[in-house]
Every structure is written in structure tokens, then in C-alpha cells.
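Next up, final04.txt (compact mmCIF, C-alpha atoms):
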# COMPACT_ATOMS: atom_id res chain seq x y z
CA MET A 188 -9.53 20.02 3.96
CA GLU A 189 -12.92 19.41 2.37
CA ASN A 190 -13.86 16.36 4.36
CA GLN A 191 -12.43 14.99 7.56
CA LEU A 192 -14.27 11.85 8.48
CA LYS A 193 -13.40 9.59 11.32
CA VAL A 194 -13.62 5.97 10.29
CA TYR A 195 -14.33 3.58 13.12
CA ILE A 196 -13.20 0.00 13.11
CA LEU A 197 -16.09 -2.39 13.36
CA PHE A 198 -15.02 -5.70 14.80
CA LEU A 199 -16.86 -8.41 12.94
CA PHE A 200 -16.60 -12.05 13.79
CA LEU A 201 -16.03 -13.72 10.44
CA GLY A 202 -17.16 -17.31 10.12
CA ILE A 203 -14.72 -19.49 8.21
CA VAL A 204 -16.55 -22.18 6.30
CA ALA A 205 -15.22 -24.79 3.98
CA CYS A 206 -15.31 -24.33 0.20
CA GLY A 207 -15.84 -27.44 -1.89
CA GLY A 208 -15.49 -28.12 -5.57
CA SER A 209 -11.71 -28.34 -5.90
CA ASP A 210 -10.55 -30.10 -9.03
CA GLY A 211 -7.33 -31.21 -7.37
CA GLY A 212 -8.96 -33.83 -5.14
CA THR A 213 -8.14 -32.01 -1.91
CA ASP A 214 -10.61 -32.53 0.93
CA ASN A 215 -11.81 -28.96 1.36
CA ASN A 216 -14.37 -29.97 3.98
CA MET A 217 -11.64 -29.77 6.60
CA ILE A 218 -9.69 -26.59 7.37
CA ASN A 219 -6.01 -27.20 8.06
CA GLN A 220 -5.51 -27.12 11.84
CA GLN A 221 -1.88 -28.22 11.65
CA GLU A 222 0.24 -26.79 14.44
CA ILE A 223 2.82 -24.30 13.22
CA GLU A 224 6.26 -24.66 14.73
CA GLY A 225 8.08 -21.63 16.09
CA PRO A 226 7.09 -18.59 18.15
CA ASN A 227 3.55 -18.49 16.71
CA SER A 228 2.77 -22.13 17.54
CA SER A 229 -0.92 -22.73 18.21
CA SER A 230 -3.47 -25.47 17.82
CA GLU A 231 -5.76 -22.89 16.19
CA PRO A 232 -5.66 -22.06 12.46
CA ARG A 233 -3.03 -19.48 11.47
CA LEU A 234 -5.73 -17.12 10.25
CA SER A 235 -8.28 -17.38 13.03
CA ALA A 236 -11.45 -15.79 11.63
CA ASP A 237 -12.45 -13.91 14.76
CA GLN A 238 -9.20 -11.93 14.70
CA TRP A 239 -10.00 -9.96 11.53
CA SER A 240 -11.50 -6.49 11.87
CA VAL A 241 -13.16 -4.39 9.19
CA VAL A 242 -12.88 -0.70 8.41
CA HIS A 243 -15.55 0.72 6.09
CA PHE A 244 -14.73 4.04 4.43
CA PRO A 245 -17.92 6.05 3.83
CA LYS A 246 -18.20 7.26 0.27
CA PRO A 247 -17.57 11.03 0.26
CA ALA A 248 -20.68 13.17 -0.12
CA ASP A 249 -19.37 14.80 -3.30
CA GLU A 250 -18.61 11.50 -5.02
CA GLU A 251 -19.09 11.75 -8.77
CA SER A 252 -21.07 9.23 -10.77
CA SER A 253 -18.04 8.04 -12.75
CA THR A 254 -16.71 4.54 -12.11
CA TYR A 255 -13.13 4.58 -10.86
CA PHE A 256 -10.99 1.47 -11.25
CA GLY A 257 -7.64 2.61 -9.80
CA MET A 258 -6.48 1.95 -6.25
CA ASP A 259 -3.11 1.82 -4.47
CA ALA A 260 -1.56 2.22 -1.04
CA GLY A 261 1.66 3.74 0.30
CA ASP A 262 3.10 6.46 2.52
CA VAL A 263 2.24 9.72 0.75
CA ASN A 264 3.50 12.23 3.30
CA GLY A 265 6.45 10.42 4.87
CA ASP A 266 4.95 9.88 8.33
CA GLY A 267 5.42 6.09 8.30
CA LEU A 268 1.67 5.39 8.00
CA VAL A 269 -0.14 3.85 5.05
CA ASP A 270 -2.37 6.07 2.93
CA ILE A 271 -4.73 4.96 0.15
CA ILE A 272 -5.60 6.55 -3.19
CA GLN A 273 -8.81 5.56 -4.95
CA GLY A 274 -10.49 7.50 -7.72
CA ASN A 275 -10.03 11.22 -7.13
CA HIS A 276 -9.87 10.87 -3.35
CA TYR A 277 -7.08 9.84 -1.08
CA TYR A 278 -7.28 8.62 2.46
CA LEU A 279 -4.56 10.05 4.69
CA ALA A 280 -3.83 7.90 7.77
CA THR A 281 -3.69 9.86 11.01
CA ALA A 282 -3.09 7.19 13.67
CA GLU A 283 -0.78 4.22 14.04
CA GLU A 284 -3.75 2.02 14.91
CA GLN A 285 -5.18 2.83 11.46
CA THR A 286 -8.53 3.82 12.97
CA ASP A 287 -8.66 7.37 11.57
CA TRP A 288 -8.21 8.65 8.04
CA ASP A 289 -8.65 12.13 6.62
CA ILE A 290 -10.62 11.73 3.41
CA MET A 291 -9.46 14.29 0.89
CA LYS A 292 -10.87 15.25 -2.51
CA LEU A 293 -8.25 15.74 -5.22
CA GLU A 294 -9.02 18.56 -7.62
CA GLY A 295 -9.79 17.41 -11.14
CA SER A 296 -11.56 14.47 -12.69
CA PHE A 297 -9.09 11.60 -12.80
CA ASP A 298 -8.61 8.10 -11.50
CA GLY A 299 -5.81 7.55 -8.97
CA HIS A 300 -3.77 4.51 -9.99
CA ALA A 301 -0.43 4.50 -8.16
CA ILE A 302 1.57 5.68 -5.16
CA MET A 303 5.22 5.43 -6.23
CA PHE A 304 8.78 6.59 -5.54
CA LEU A 305 9.70 9.52 -7.79
CA GLY A 306 13.34 9.93 -6.81
CA PRO A 307 15.13 11.54 -3.85
CA GLU A 308 14.08 15.11 -4.67
CA ARG A 309 10.34 14.49 -5.04
CA GLY A 310 10.06 11.47 -2.78
CA THR A 311 6.77 9.59 -2.93
CA GLY A 312 4.02 10.86 -5.19
CA MET A 313 0.71 9.77 -6.63
CA VAL A 314 -0.31 9.15 -10.23
CA GLY A 315 -3.76 9.80 -11.66
CA ILE A 316 -5.11 9.08 -15.13
CA SER A 317 -7.74 11.02 -17.06
CA GLY A 318 -8.33 9.81 -20.61
CA SER A 319 -4.90 9.84 -22.23
CA ARG A 320 -3.39 12.20 -19.65
CA VAL A 321 -1.05 10.90 -16.93
CA ILE A 322 -0.99 13.26 -13.95
CA GLN A 323 1.70 13.51 -11.26
CA LEU A 324 0.41 14.53 -7.82
CA LEU A 325 2.83 15.78 -5.19
CA ALA A 326 1.74 16.59 -1.64
CA ASP A 327 3.03 19.53 0.36
CA LEU A 328 4.54 17.84 3.43
CA ASP A 329 3.73 20.90 5.56
CA ASP A 330 0.12 21.13 4.41
CA PRO A 331 -1.46 17.94 3.00
CA ASP A 332 -4.41 20.04 1.77
CA ILE A 333 -2.13 21.39 -0.94
CA MET A 334 -1.52 19.09 -3.89
CA GLN A 335 0.49 20.02 -6.96
CA ALA A 336 -0.87 18.36 -10.13
CA THR A 337 1.19 18.20 -13.33
CA ILE A 338 0.35 16.49 -16.63
CA VAL A 339 3.56 14.56 -17.28
CA ALA A 340 2.68 12.20 -20.15
CA GLN A 341 0.08 11.12 -22.69
CA VAL A 342 -0.79 7.44 -23.11
CA PRO A 343 -3.72 6.65 -25.43
CA PRO A 344 -6.44 4.79 -23.53
CA PRO A 345 -7.42 1.19 -24.38
CA LYS A 346 -10.05 0.74 -27.05
CA ASN A 347 -12.30 -0.92 -24.47
CA ARG A 348 -12.97 1.84 -21.95
CA GLU A 349 -14.92 -0.54 -19.71
CA VAL A 350 -11.77 -2.48 -18.82
CA ALA A 351 -9.50 -1.18 -16.06
CA ARG A 352 -6.03 -0.20 -17.23
CA GLY A 353 -3.28 -2.51 -16.09
CA CYS A 354 -0.81 -0.55 -13.97
CA GLU A 355 2.42 -1.59 -12.24
CA LYS A 356 5.34 0.34 -10.79
CA THR A 357 8.78 -1.26 -10.73
CA GLN A 358 12.49 -0.42 -11.01
CA ILE A 359 13.44 -1.26 -14.59
CA ILE A 360 16.21 1.33 -15.04
CA ALA A 361 18.66 1.29 -12.11
CA GLY A 362 18.64 4.35 -9.87
CA GLY A 363 16.27 7.29 -9.65
CA ALA A 364 12.50 7.06 -9.82
CA GLU A 365 10.53 3.89 -10.29
CA GLU A 366 9.15 3.29 -13.77
CA LEU A 367 5.40 3.18 -14.34
CA LEU A 368 4.01 0.48 -16.65
CA LEU A 369 0.56 1.17 -18.07
CA THR A 370 -1.67 -0.52 -20.64
CA GLY A 371 -2.98 1.60 -23.49
CA ARG A 372 -4.26 1.36 -27.04
CA GLU A 373 -1.26 -0.48 -28.52
CA GLY A 374 -0.16 -2.55 -25.52
CA ILE A 375 2.00 -1.94 -22.44
CA TYR A 376 3.84 1.37 -22.18
CA MET A 377 6.82 2.23 -19.96
CA LEU A 378 6.90 5.72 -18.45
CA GLU A 379 10.24 6.96 -17.11
CA ALA A 380 9.41 9.27 -14.21
CA ASP A 381 12.78 10.93 -13.61
CA ASP A 382 11.75 14.35 -14.99
CA MET A 383 9.60 16.70 -12.94
CA GLU A 384 7.39 17.85 -15.81
CA GLU A 385 7.71 15.40 -18.72
CA TRP A 386 8.01 11.63 -18.56
CA SER A 387 9.32 9.72 -21.60
CA VAL A 388 6.95 7.05 -22.94
CA SER A 389 7.85 3.92 -24.92
CA LEU A 390 5.84 0.90 -26.05
CA ILE A 391 7.49 -2.23 -24.62
CA GLY A 392 4.66 -4.79 -24.73
CA PRO A 393 3.00 -4.53 -28.15
CA ASP A 394 -0.50 -6.00 -28.58
CA ALA A 395 -0.95 -6.71 -24.87
CA MET A 396 -4.59 -6.58 -23.90
CA ALA A 397 -6.03 -3.69 -21.92
CA GLY A 398 -6.36 -5.47 -18.57
CA GLN A 399 -3.89 -6.67 -15.99
CA PHE A 400 -0.31 -7.87 -16.42
CA ALA A 401 2.48 -8.76 -13.99
CA THR A 402 6.20 -8.09 -13.61
CA GLY A 403 8.98 -10.35 -12.36
CA ASP A 404 12.37 -11.78 -13.28
CA ILE A 405 11.17 -14.65 -15.46
CA ASP A 406 14.53 -15.50 -17.08
CA ARG A 407 16.51 -14.99 -13.84
CA ASP A 408 18.89 -12.37 -15.25
CA GLU A 409 18.25 -9.87 -12.43
CA ASP A 410 15.87 -7.52 -14.20
CA PRO A 411 12.06 -7.49 -14.32
CA ASP A 412 10.19 -8.97 -17.27
CA ILE A 413 6.46 -8.89 -18.02
CA VAL A 414 3.82 -11.60 -18.42
CA ALA A 415 0.59 -10.59 -20.16
CA ALA A 416 -2.16 -11.72 -22.48
CA VAL A 417 -2.22 -10.71 -26.15
CA SER A 418 -5.17 -10.93 -28.52
CA ARG A 419 -5.17 -13.76 -31.06
CA GLY A 420 -8.50 -13.34 -32.83
CA ASP A 421 -11.28 -14.85 -30.73
CA VAL A 422 -8.91 -15.97 -27.97
CA CYS A 423 -5.98 -14.56 -26.07
CA GLU A 424 -2.52 -16.04 -25.61
CA LEU A 425 -0.24 -15.86 -22.60
CA VAL A 426 3.17 -14.37 -23.46
CA TRP A 427 6.11 -12.88 -21.65
CA PHE A 428 8.10 -9.85 -22.73
CA GLU A 429 11.86 -10.14 -22.16
CA ASN A 430 13.55 -7.08 -20.67
CA PRO A 431 16.67 -6.30 -22.77
CA GLY A 432 18.34 -4.86 -19.68
CA ASP A 433 19.42 -1.60 -21.35
CA GLY A 434 16.30 0.50 -20.80
CA SER A 435 15.30 0.34 -24.46
CA GLN A 436 11.81 -0.29 -25.80
CA TYR A 437 12.68 -3.41 -27.80
CA TRP A 438 11.45 -6.27 -25.63
CA ASN A 439 11.30 -9.71 -27.26
CA THR A 440 7.98 -11.57 -27.09
CA HIS A 441 7.89 -15.25 -26.04
CA SER A 442 4.78 -17.43 -26.14
CA LEU A 443 3.86 -19.56 -23.14
CA ASN A 444 1.87 -21.83 -25.48
CA HIS A 445 -1.40 -21.39 -23.59
CA GLN A 446 -4.57 -19.86 -24.99
CA MET A 447 -7.85 -19.00 -23.28
CA ALA A 448 -10.97 -16.90 -23.70
CA GLY A 449 -9.64 -14.02 -21.63
CA VAL A 450 -7.71 -12.91 -18.54
CA LYS A 451 -9.08 -10.64 -15.83
CA GLN A 452 -6.02 -10.48 -13.61
CA LEU A 453 -2.69 -12.24 -13.16
CA ARG A 454 0.31 -12.34 -10.85
CA LEU A 455 3.85 -13.78 -10.85
CA ALA A 456 5.32 -15.47 -7.79
CA HIS A 457 7.54 -18.31 -6.56
CA LEU A 458 4.85 -20.84 -5.61
CA ASP A 459 6.95 -23.97 -5.07
CA GLU A 460 10.43 -24.96 -3.96
CA ASP A 461 12.38 -24.07 -7.11
CA ASP A 462 13.69 -20.62 -8.05
CA ARG A 463 11.42 -20.09 -11.07
CA LEU A 464 8.45 -17.73 -11.20
CA ASP A 465 4.97 -19.19 -11.64
CA ILE A 466 1.68 -17.61 -12.76
CA VAL A 467 -1.63 -17.18 -10.94
CA LEU A 468 -4.50 -15.84 -13.03
CA ALA A 469 -8.24 -15.25 -13.02
CA GLY A 470 -9.72 -16.16 -16.36
CA SER A 471 -12.68 -14.61 -18.14
CA GLY A 472 -15.12 -16.06 -20.62
CA MET A 473 -17.88 -18.64 -20.24
CA ALA A 474 -18.42 -19.80 -16.66
CA SER A 475 -20.14 -22.91 -18.02
CA GLU A 476 -16.83 -23.90 -19.64
CA ASN A 477 -14.73 -23.27 -16.50
CA GLN A 478 -13.02 -20.25 -18.07
CA THR A 479 -13.62 -17.78 -15.25
CA GLY A 480 -11.92 -19.43 -12.30
CA LEU A 481 -8.57 -19.28 -10.53
CA GLN A 482 -5.76 -21.02 -12.44
CA VAL A 483 -2.11 -21.79 -11.68
CA TYR A 484 0.69 -22.28 -14.26
CA MET A 485 4.03 -23.60 -12.99
CA GLN A 486 7.31 -22.97 -14.80
CA ARG A 487 9.08 -26.29 -15.50
CA ASP A 488 12.13 -27.38 -17.49
CA THR A 489 9.78 -28.21 -20.37
CA GLY A 490 7.88 -24.90 -20.25
CA TRP A 491 4.79 -23.60 -18.49
CA VAL A 492 2.41 -26.28 -17.21
CA LYS A 493 -1.14 -25.65 -16.05
CA THR A 494 -1.23 -27.48 -12.74
CA SER A 495 -4.45 -26.29 -11.13
CA GLU A 496 -7.94 -25.00 -11.78
CA LEU A 497 -8.74 -24.05 -8.21
CA THR A 498 -12.27 -22.78 -8.78
CA SER A 499 -15.03 -23.60 -11.21
CA SER A 500 -16.95 -20.44 -10.33
CA SER A 501 -15.93 -16.87 -11.12
CA THR A 502 -12.81 -15.32 -9.60
CA LEU A 503 -13.51 -11.58 -9.69
CA SER A 504 -10.15 -10.38 -8.37
CA LEU A 505 -6.94 -11.74 -6.88
CA ASP A 506 -3.70 -10.77 -5.22
CA ILE A 507 -0.78 -12.72 -3.76
CA GLY A 508 1.45 -12.60 -0.69
CA ASP A 509 2.47 -14.53 2.40
CA ILE A 510 -0.82 -14.03 4.24
CA ASP A 511 -0.27 -16.61 7.01
CA MET A 512 3.45 -15.73 7.36
CA ASP A 513 4.73 -19.27 6.96
CA GLY A 514 7.33 -18.39 4.33
CA ASP A 515 5.46 -19.17 1.10
CA ILE A 516 3.16 -17.24 -1.23
CA ASP A 517 -0.60 -17.58 -0.72
CA ILE A 518 -3.46 -16.28 -2.87
CA ALA A 519 -6.31 -13.96 -1.85
CA THR A 520 -9.37 -13.90 -4.10
CA LEU A 521 -12.82 -12.41 -4.35
CA GLU A 522 -15.12 -15.21 -5.50
CA GLY A 523 -18.64 -15.03 -6.85
CA GLY A 524 -20.75 -14.98 -9.95
CA GLN A 525 -24.27 -15.12 -11.18
CA ASP A 526 -26.58 -16.45 -8.45
CA GLU A 527 -23.58 -16.91 -6.13
CA GLU A 528 -22.77 -15.11 -2.90
CA LEU A 529 -19.61 -13.00 -2.96
CA ALA A 530 -16.88 -14.16 -0.61
CA PHE A 531 -13.25 -13.50 0.26
CA CYS A 532 -11.11 -16.61 0.02
CA ILE A 533 -7.55 -17.33 1.12
CA TRP A 534 -5.73 -20.13 -0.69
CA ASN A 535 -3.08 -21.41 1.70
CA ASN A 536 0.05 -22.67 -0.05
CA ASP A 537 1.76 -25.74 1.38
CA GLY A 538 5.09 -24.52 -0.03
CA LYS A 539 4.94 -26.91 -2.99
CA GLY A 540 2.31 -25.09 -5.04
CA ASP A 541 -0.70 -27.01 -3.69
CA PHE A 542 -3.44 -24.89 -2.16
CA GLN A 543 -6.20 -25.29 0.42
CA GLU A 544 -9.07 -22.83 0.48
CA GLU A 545 -10.48 -20.98 3.46
CA ARG A 546 -13.55 -18.80 2.94
CA LEU A 547 -13.43 -15.84 5.29
CA GLU A 548 -16.65 -13.97 4.84
CA THR A 549 -19.73 -13.46 2.75
CA THR A 550 -19.22 -9.85 1.81
CA GLU A 551 -21.58 -6.93 2.17
CA GLY A 552 -22.14 -4.63 -0.77
CA ALA A 553 -20.46 -5.12 -4.14
CA PRO A 554 -16.68 -5.50 -3.89
CA ILE A 555 -14.96 -5.61 -7.27
CA ARG A 556 -11.25 -5.75 -6.41
CA VAL A 557 -9.01 -7.00 -3.61
CA HIS A 558 -5.50 -5.68 -2.91
CA LEU A 559 -3.04 -7.00 -0.28
CA PHE A 560 -1.02 -4.47 1.70
CA ASP A 561 0.32 -4.10 5.24
CA VAL A 562 -2.10 -1.31 6.10
CA ASP A 563 -1.41 -1.12 9.85
CA VAL A 564 2.38 -1.57 9.46
CA ASP A 565 2.56 -4.55 11.82
CA GLY A 566 4.35 -6.93 9.46
CA ASP A 567 1.40 -8.93 8.10
CA LEU A 568 -0.86 -8.43 5.10
CA ASP A 569 -4.33 -6.92 5.20
CA PHE A 570 -7.06 -6.69 2.52
CA ILE A 571 -7.93 -3.42 0.83
CA THR A 572 -11.14 -3.80 -1.16
CA LEU A 573 -12.52 -1.54 -3.87
CA MET A 574 -16.29 -1.33 -3.48
CA ASN A 575 -18.89 -0.37 -6.06
CA THR A 576 -21.87 0.55 -3.92
CA GLU A 577 -23.71 3.68 -2.84
CA GLY A 578 -22.64 3.19 0.77
CA HIS A 579 -18.84 3.10 0.61
CA SER A 580 -16.05 2.88 -1.94
CA VAL A 581 -13.18 1.34 0.08
CA ALA A 582 -13.05 -1.24 2.86
CA VAL A 583 -10.06 -2.65 4.74
CA HIS A 584 -9.93 -6.06 6.44
CA VAL A 585 -7.21 -5.73 9.05
CA ASN A 586 -5.35 -8.96 9.83
CA ARG A 587 -5.18 -9.40 13.61
CA ALA A 588 -4.66 -13.14 13.36
CA ILE A 589 -0.86 -13.18 13.35
CA PRO A 590 0.57 -11.89 16.67

Now, as a test, write the supplied structure out as C-alpha cells.
Amino acid sequence: MENQLKVYILFLFLGIVACGGSDGGTDNNMINQQEIEGPNSSSEPRLSADQWSVVHFPKPADEESSTYFGMDAGDVNGDGLVDIIQGNHYYLATAEEQTDWDIMKLEGSFDGHAIMFLGPERGTGMVGISGSRVIQLLADLDDPDIMQATIVAQVPPPKNREVARGCEKTQIIAGGAEELLLTGREGIYMLEADDMEEWSVSLIGPDAMAGQFATGDIDRDEDPDIVAAVSRGDVCELVWFENPGDGSQYWNTHSLNHQMAGVKQLRLAHLDEDDRLDIVLAGSGMASENQTGLQVYMQRDTGWVKTSELTSSSTLSLDIGDIDMDGDIDIATLEGGQDEELAFCIWNNDGKGDFQEERLETTEGAPIRVHLFDVDVDGDLDFITLMNTEGHSVAVHVNRAIP
């Protein structure tokens, strides 16, 4: 093992302050102190700020100058602990308390994008990308220093190399390995990972833009569809691609009848009390025209309705999940912009698709992406943050607030 670094948890008391400027008329000067019924009842907020702890991963000494966009988490070696891949390093958890990780350099120059299930024979593996090459990485369970790398597919990179590839893993074809969805030059590609050495590639989301997309069962027919942005000249349009359900590459395109300057990131989730999926996205474009903030689109009988512009500043990254464990989907964002301090924000959902903001921390360094995952395997969601600084490349905010 090239580097074995012990990462110590630094307990930081994070001051929650109110965030103003909501367009929805909510009084954001008061943080919701409502008592939660049930075994976790307390007069304190669900996400008490002084119960978050922070793990900073030092950037390995041999870190290359390239900018890596990929990041994912999962159990690489089957020990029940959560490991992280980022760039051409992966962080192998060594303790249940998630206080120690072995930081390992992966041979080759590629960007680690996914930890995914590759079928019963191979188990869990990692996926890296280098140019057009898609690389399967399988760990030796007896010796995690040994990693078998195989080029399994070719997907032409996006024309804009400065934009991170969108990447999702999901079960589109029943049984076997998960499928990998990846943006490339012509749109969104589906990679079928059932073969050990060669994965079949098909274009299923033509003209989708190079950045993020999301998967979910939009038409409620029990298979995953895709929502994405496609280029329409000087603007982009939100569309969804309908899964035909037979594993073929012919996915119908449906417009959501919403256009905007651009989309940085988006997610699908049930945000209110009906059984239809809704959209959360971070826009891009002119901040002066409120194009860069956090936006919510709800699916109604009449179509998709933009119900909220939650921020007027710049939302740099977002993810979704039940952060406060009250049974509905919340939003985690990284907020900031020119002449603004960077901050993590949690948007607490009231179960009806209305959100109240809590700002957790003014961040150190230059975080560029936030990812929600149960890092310490205790049943609640933590933050994994991709950093772009000389000091460290990954940080984890461990959620100690929910007992």
C-alpha cells in the first residue's frame, strides 16, 4: 500500500444561522424548533449543529495536477464499511467508527466515477473514466493493494471537457449487474455491465447536455426513466426520456415545457404527498437574472409546474435524501458565488414540498460538490464533499444529530 494515512475526526461546533432571501415568503429568520413526535422527541432542532463532526482527508502527496470530477461511495471489499473513490485514489474504511481510512493510489490516470454492483460473480466494483475509455476496477478481497483494471467500453467524451460527466448507476434490465448511465458527445449512453471484459454501449438519451441528469420512475410503470436538459440553441430545455421497458436503446423524448440558461445538477424525488416524482435542480447562467439558484418543479395533473426558486444566489451543488429522518425528502446544497461565503445548507421539507433553510457552516477551502451517503452506517445521511484545494480533496461531515 503506497499510503496509509490515519484520518482523525475533528469535532467542530457548527453554528446554525438563518438564511434570508426566500422568494416563497417563509420567515427564514426563525429555525424550526417544532417538537418531533416519537422516540426522537426533543425540544431541540432535529439537526442540532453541535452534533456534526468533520473528517478531512489529506490530499495524497503524489496527487497529480489534473482536476478530477468523479466521486462515489460504497462497500468495495465486502466488509460492511463504506469506502470512497475520488479521482485515481480510493479511501478504504478500516474502522466501524469511520475514523480511519487507508488512502490508496490506483494505477493509471483516470477519474473514479462509480462504485456499483457488477453481478454475483464479480460483486461490487469501481468504474474509472479516462478520455473515452471506461475502466472496470476489481479489488482482490484477500489483498486490497491488488486491483485488476480492465478497459470495458469506449464512450466519446463531451465536447466541453470542463464539464463533469453525468453518471448514474441503476437497474434498468432486470437481474445481473447494474447498468451504468454516462453522458458523452451525443447524449446519455447506457452501458450494460454483465460481461467481464466488454460492456455493450447504446445511446438512449440523444442530445442530452454533458452535465448531470437523474433517474426515476416518472410514468409510474415500474422501470426507471431519465430527466435531463437538452440544448436548444442559446438555451436548454428540460425533457424526460421514457424507458421502453425492453432494454432497447429507443427511448421516447418528452418535453417538460420549461427552458432555462443551463442546468448544473438535478435530482428526482417524491417531494409532496402524491405518488409522482418531482424535480430539484441547480440552474446555471446569469446570477443577476436569478438563473443560478435552487429550483423546484412539481409534477401535477396539468404537467410540470415550477413552484419554488429557493435561492437567488448560486447553488454550486446539491443532493437529496431524508436528512432529518422525518419521512420526507430534504435537500442538501452548497451555496455561494462571487463575493459570497460558501456554506452548506439543508432545506427541510415539511412533507408538502415547502422548504425551510438551515445554514450549517461557512466552509473552509473550496468545496465544489456535495454528496449524501450513510458513511458511518448508522442509518442517517452524512455529507461527502469534493474539495478543490491544495490541502485536501475529500471531506466528510458525519451526522451525529439523529440518535

Inset, instruction - Extract, using all atoms listed in the file, all DNA, RNA and protein residues at most 6 Å from Phe531 (chain A), discarding same-chain residues fewer than 3 positions from it, and format them as an MDAnalysis selection string. - result: chainID A and resid 520:521 546:548

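Going from CA of Gly353 (chain A) over to CA of Thr370 (chain A), you cover 5.2 Å.
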
Legend entry - Counting only C-alpha atoms, the option among A:Met396, A:Val417, A:Ala469, A:Ala282 closest to Val564 (chain A): A:Ala282

Inset, instruction - Return the single residue from A:Asp259, A:Glu385, A:Asp404, A:Asp488 that is closest to Gln341 (chain A), with distances computed using only C-alpha atoms. - result: A:Glu385

Legend entry - Distance query Val321 (chain A) at most 9 Å, all atoms listed in the file, self and fewer than 2 positions along chain excluded, as a ChimeraX atom specification: /A:314-319,323,337-342

Grab the residues selected above and save them as an mmCIF file, in the frame of the given file with C-alpha atoms.
data_model
loop_
_atom_site.group_PDB
_atom_site.id
_atom_site.type_symbol
_atom_site.label_atom_id
_atom_site.label_comp_id
_atom_site.auth_asym_id
_atom_site.auth_seq_id
_atom_site.Cartn_x
_atom_site.Cartn_y
_atom_site.Cartn_z
ATOM 1 C CA VAL A 314 -0.310 9.150 -10.230
ATOM 2 C CA GLY A 315 -3.760 9.800 -11.660
ATOM 3 C CA ILE A 316 -5.110 9.080 -15.130
ATOM 4 C CA SER A 317 -7.740 11.020 -17.060
ATOM 5 C CA GLY A 318 -8.330 9.810 -20.610
ATOM 6 C CA SER A 319 -4.900 9.840 -22.230
ATOM 7 C CA GLN A 323 1.700 13.510 -11.260
ATOM 8 C CA THR A 337 1.190 18.200 -13.330
ATOM 9 C CA ILE A 338 0.350 16.490 -16.630
ATOM 10 C CA VAL A 339 3.560 14.560 -17.280
ATOM 11 C CA ALA A 340 2.680 12.200 -20.150
ATOM 12 C CA GLN A 341 0.080 11.120 -22.690
ATOM 13 C CA VAL A 342 -0.790 7.440 -23.110
#

Inset, instruction - Check the smallest atom-to-atom distance from each of A:Gly261, A:Gly403, A:Gly514, A:Gly434 to Arg463 (chain A) using all atoms listed in the file, then report the winner. - result: A:Gly403

May I have a table of the residues of region 249-367 of chain A lying at most 12 Å from region 438-458 of chain A, giving each one's closest pair of atoms and their distance in Å to one decimal, counting only C-alpha atoms, ordered by chain and ascending residue number, as a Markdown table?
| residue | atom | partner | partner_atom | distance |
| --- | --- | --- | --- | --- |
| A:Val350 | CA | A:Lys451 | CA | 9.1 |
| A:Ala351 | CA | A:Lys451 | CA | 9.5 |
| A:Arg352 | CA | A:Gln452 | CA | 10.9 |
| A:Gly353 | CA | A:Gln452 | CA | 8.8 |
| A:Cys354 | CA | A:Gln452 | CA | 11.2 |
| A:Glu355 | CA | A:Arg454 | CA | 11.0 |

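Within 7 Å of Thr572 (chain A), once only C-alpha atoms are used and residues closer than 5 positions along the same chain are dropped, the contacting residues are Pro554, Arg556, Val557, His558, Val581, Ala582 and Val583 of chain A.
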
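When all atoms listed in the file are used to measure the gap to Gly257 (chain A), the shortest distance among A:Lys356, A:His300, A:His276, A:Arg419 belongs to A:His300.
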
Legend entry - Option closest in space to Ile360 (chain A), from A:Asp381, A:Arg348, A:Gln486, A:Phe256 [counting all atoms listed in the file]: A:Asp381

Inset, instruction - Can you work out which one of A:Ile391, A:Leu369, A:Met383, A:Ala364 has the shortest atom-to-atom distance to Tyr437 (chain A), counting all atoms listed in the file? - result: A:Ile391

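One finds CA of Ser389 (chain A) at 27.4 Å from CA of Asp421 (chain A).
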
Legend entry - 7 Å contact set for Ala519 (chain A), only C-alpha atoms, chain neighbours under 4 positions out, as a count of residues only: 6

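Note that CA of Phe560 (chain A) and CA of Gln543 (chain A) are 21.5 Å apart.
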
Legend entry - Spatial neighbours of region 409-416 of chain A, 7 Å, all atoms listed in the file, chain gap at least 4 places, as an NGL selection string: :A and (359 or 395-396 or 400-405 or 423-430 or 432 or 450)
